[in-house]
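For reference, the structure discussed in these notes is given below.
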Amino acid sequence: MRAYVLRKHGPPRVLRLVDLPDPEPGPGEVRVAVRAVGINYADILSRRGLYGWAPKLPYVPGMEACGVIDTVGSGVDPERVGERVIVCAQTGAYAEKIVSPQALAVPAVARYSSEENAAFAVNYMTAWIGLFELARLNPRDRVLVQAAAGGVGTAAVQLAKATGCPVAGVAGGEEKAAVLTRLGVDLAVDHKGTDFQTAVRRWSPTAGVDVVMELVGGTVYRKSLALLNPFGRLLVMGFADLDLQKWNPLSWYRTWRSIPRIRLARMGTTSIGVMSSHLGHLIGKPDTLLTVWNRLVAFTKAHDIRPLVGSVFPFEEMAAAHRTMESRRSVGKIVIRMG
């Protein structure tokens with residue numbers, strides 16, 4: 001099979017397509033012939049050597065894929081061969097075939113294309129865990145979504161709007177703000193031309209919000225925190241402002257300054273909460289993940305929510321897909337199509 005093996009950290013050009021033996025499933029595992037791969041910002045950080053959850057080099061990157069089970073290991077029902085599934089993994093998705101524990105190869109959403117399924121699991125699970133499992137979102141909540149035109153951001157906007165919440169979305173550029181308007185946000189803010197804090201205060205009757213989906217860090221985090229109403233919840237679910245460069249000491253200081261942090265005394269005096277989750281660390285708890293997954297799938301079906309696939313690249317152009325994500329010009333999810 002063909003796969004991308006990361007042998008050293010660096011720019012997109014370090015992603016090299018090579019031939020590898022087909023992996024064989026062990027007991028309790030399935031092998032999936034991949035049809036589409038979802039690109040995540042964590043993949044970018046892993047390639048740069050900045051992602052603490054990544055394994056030691058060399059390895060095949062990629063956290064999610066959609067495909068068809070083509071063989072199974074012992075202890076797995078052979079009837080699963082031919083089943084269309086979504087695979088959630090730590091690594092291995094940048095390949096024509098991937099082996100997965102059977103519990104982490106969940107049934108694909110029937111009404112979605114392969115590309116939509118590849119755009120679904122990581123982003124929508126991240127948004128769902130933040131909004132519903134942590135923040136306990138309800139229709140009375142006024143919601144602010146940062147980086148709202150990206151993969152997790154568009155998922156959070158769709159889920160919050162389907163709940164009936166007033167939603168403000170912040171993105172960079174008029175094109176991205178227009179996408180948010182099409183998704184139904186009540187306030188679309190282009191942060192390149194408008195101070196989002198001022199815009200949100202004018203929009204909200206309380207001059208604040210109840211829930212923030214925060215994906216950036218740095219100044220965006222601090223200004224978002226200042227917008228919380230009493231009993232408000234801020235969800236740190238990403239860190240797009242991370243700009244650590246190993247050989248640049250100045251970048252170490254900038255990164256340290258940008259890391260989201262909170263003082264307990266401030267939370268007590270303002271009656272707010274700051275919460276966070278890392279989807280990868282839940283992979284070791286498949287029963288928990290499956291429960292959350294079933295809730296998410298039922299909700300998206302009931303509200304006819306479909307992932308926003310912004311760009312599709314052929315498998316041979318993985319480096320171009322990474323460059324597009326790093327450019328911050330992308331909208332929705334970037335997906336790789338096999339064959």
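Ordered as shown in the structure tokens, chains take letters A, B, and onward, while each chain numbers its residues from 1 and ligands are numbered from 1 in the order shown.
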
**Request:** Skip Ala156 in chain A itself and residues of its chain fewer than 5 positions away, then list as a PyMOL selection string all residues within 9 Å of it, counting only C-alpha atoms.
**Result:** chain A and resi 123-124+126-128+130-131+145+148+151+161+213

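Backbone DSSP of range 8-81 of chain A yields strand (DSSP E) at A:Arg16, A:Leu17, A:Val18, A:Asp19, A:Glu29, A:Val30, A:Arg31, A:Val32, A:Ala33, A:Val34, A:Arg35, A:Ala36, A:Val37, A:Gly38, A:Ile39, A:Glu64, A:Ala65, A:Cys66, A:Gly67, A:Val68, A:Ile69, A:Asp70, A:Thr71, A:Val72.
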
Selection above as a file: C-alpha atoms, as a PDB file, in the first residue's frame:
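Listed below is the output, part-v4.pdb:
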```pdb
ATOM      1  CA  ARG A  16       6.707  11.783   1.427  1.00  0.00           C
ATOM      2  CA  LEU A  17       4.574   9.077  -0.187  1.00  0.00           C
ATOM      3  CA  VAL A  18       6.171   5.620   0.101  1.00  0.00           C
ATOM      4  CA  ASP A  19       5.258   1.970  -0.418  1.00  0.00           C
ATOM      5  CA  GLU A  29      -8.880  -5.495  15.070  1.00  0.00           C
ATOM      6  CA  VAL A  30     -10.193  -4.661  11.608  1.00  0.00           C
ATOM      7  CA  ARG A  31      -8.425  -3.456   8.482  1.00  0.00           C
ATOM      8  CA  VAL A  32     -10.027  -0.635   6.533  1.00  0.00           C
ATOM      9  CA  ALA A  33      -9.482   0.265   2.889  1.00  0.00           C
ATOM     10  CA  VAL A  34      -9.454   4.052   3.122  1.00  0.00           C
ATOM     11  CA  ARG A  35     -11.687   6.137   0.859  1.00  0.00           C
ATOM     12  CA  ALA A  36     -11.227   9.610   2.398  1.00  0.00           C
ATOM     13  CA  VAL A  37      -9.050  11.206   5.091  1.00  0.00           C
ATOM     14  CA  GLY A  38      -9.827  14.199   7.285  1.00  0.00           C
ATOM     15  CA  ILE A  39      -7.057  16.756   7.890  1.00  0.00           C
ATOM     16  CA  GLU A  64      -9.433  10.025  11.028  1.00  0.00           C
ATOM     17  CA  ALA A  65     -10.564   8.300   7.865  1.00  0.00           C
ATOM     18  CA  CYS A  66     -13.605   6.820   6.203  1.00  0.00           C
ATOM     19  CA  GLY A  67     -13.444   3.542   4.336  1.00  0.00           C
ATOM     20  CA  VAL A  68     -14.608  -0.057   4.047  1.00  0.00           C
ATOM     21  CA  ILE A  69     -13.525  -2.981   6.226  1.00  0.00           C
ATOM     22  CA  ASP A  70     -11.734  -5.466   3.945  1.00  0.00           C
ATOM     23  CA  THR A  71     -10.535  -8.036   6.510  1.00  0.00           C
ATOM     24  CA  VAL A  72     -10.833  -8.713  10.235  1.00  0.00           C
TER      25      VAL A  72
END
```

Would you tabulate, counting only C-alpha atoms, all residues of range 155-243 of chain A that have an atom at most 6 Å from an atom of range 276-282 of chain A, showing the closest pair of atoms and their distance in Å to one decimal, sorted by chain then ascending number, as a tab-separated table?
```
residue	atom	partner	partner_atom	distance
A:Leu235	CA	A:Ser276	CA	5.5
A:Val236	CA	A:Ser276	CA	4.8
A:Met237	CA	A:Ser276	CA	5.8
```

**Prompt:** Taking only C-alpha atoms into account, which of A:Val106, A:Val81, A:Leu180, A:Val211 comes nearest Phe120 in chain A?
**Reply:** A:Val106

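Each of A:Glu133, A:Glu214, A:Glu24, A:Glu116 was checked against Ala171 in chain A using only C-alpha atoms; the smallest atom-to-atom distance is that of A:Glu214.
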
**Item:** Contacts of range 330-334 of chain A within 9 Å, only C-alpha atoms, excl. fewer than 3 positions in-chain, as JSON, numbers by chain
**Value:** {"A": [37, 38, 39, 40, 116, 118, 119, 120, 123, 148, 149, 150, 151, 152, 153, 154, 155, 175, 176, 179, 307, 308, 309, 310, 311, 312, 313, 321, 322, 324, 325, 326, 327]}

Since we have the selection now, will you write its residues out, keeping C-alpha atoms, as a short mmCIF file (atom, residue, chain, number, x, y, z; two decimals), in the first residue's frame?
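File produced: out19.cif:
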```cif
data_model
loop_
_atom_site.label_atom_id
_atom_site.label_comp_id
_atom_site.auth_asym_id
_atom_site.auth_seq_id
_atom_site.Cartn_x
_atom_site.Cartn_y
_atom_site.Cartn_z
CA VAL A 37 -9.05 11.21 5.09
CA GLY A 38 -9.83 14.20 7.29
CA ILE A 39 -7.06 16.76 7.89
CA ASN A 40 -6.84 18.26 11.37
CA GLU A 116 -18.45 14.12 4.65
CA ALA A 118 -14.09 11.94 6.92
CA ALA A 119 -15.00 15.49 7.95
CA PHE A 120 -17.30 14.43 10.76
CA ASN A 123 -14.50 18.06 14.52
CA ALA A 148 -15.93 29.80 13.51
CA ALA A 149 -15.30 29.17 9.80
CA GLY A 150 -12.93 26.25 10.41
CA GLY A 151 -13.74 22.59 10.89
CA VAL A 152 -14.50 22.61 14.63
CA GLY A 153 -15.93 26.13 14.40
CA THR A 154 -18.51 25.33 11.73
CA ALA A 155 -19.47 22.19 13.66
CA GLU A 175 -15.50 35.47 2.69
CA LYS A 176 -15.40 33.54 5.95
CA VAL A 179 -19.95 31.54 5.20
CA PRO A 307 -20.40 18.63 7.63
CA LEU A 308 -19.07 21.57 5.66
CA VAL A 309 -16.34 20.18 3.38
CA GLY A 310 -14.39 23.19 2.18
CA SER A 311 -11.55 21.67 0.12
CA VAL A 312 -10.87 18.22 -1.32
CA PHE A 313 -7.37 17.17 -2.42
CA ALA A 321 -3.55 20.21 1.78
CA HIS A 322 -1.25 21.02 4.70
CA THR A 324 -3.80 25.27 2.62
CA MET A 325 -4.59 24.66 6.29
CA GLU A 326 -1.51 26.60 7.39
CA SER A 327 -2.50 29.53 5.18
#
```

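The interatomic distance for the pair CA of Arg201 in chain A and CA of Leu227 in chain A works out to 7.7 Å.
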
**Request:** Output as a VMD selection string all residues of range 135-253 of chain A that backbone DSSP marks as alpha helix (DSSP H).
**Result:** chain A and resid 151 to 163 174 to 183 196 to 203 218 to 225 249 to 253

**Prompt:** CA of Ala42 in chain A and CA of Gly173 in chain A are how many Å apart?
**Reply:** 23.1 Å

**Message:** What does the structure give for the distance between CA of Arg323 in chain A and CA of Arg48 in chain A, in Å to one decimal?
**Reply:** 12.4 Å

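Proximity to Phe196 in chain A at 9 Å, evaluated using only C-alpha atoms and with sequence-adjacent residues fewer than 5 positions away removed, yields Val170, Val189, Asp190, His191, Arg201, Lys223 and Ser224 of chain A.
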
**Asked** In terms of the shortest atom-to-atom distance over only C-alpha atoms, which of A:Gly26, A:Val157, A:Leu225, A:Ala89 is closest to Asp43 in chain A?
**Response** A:Ala89
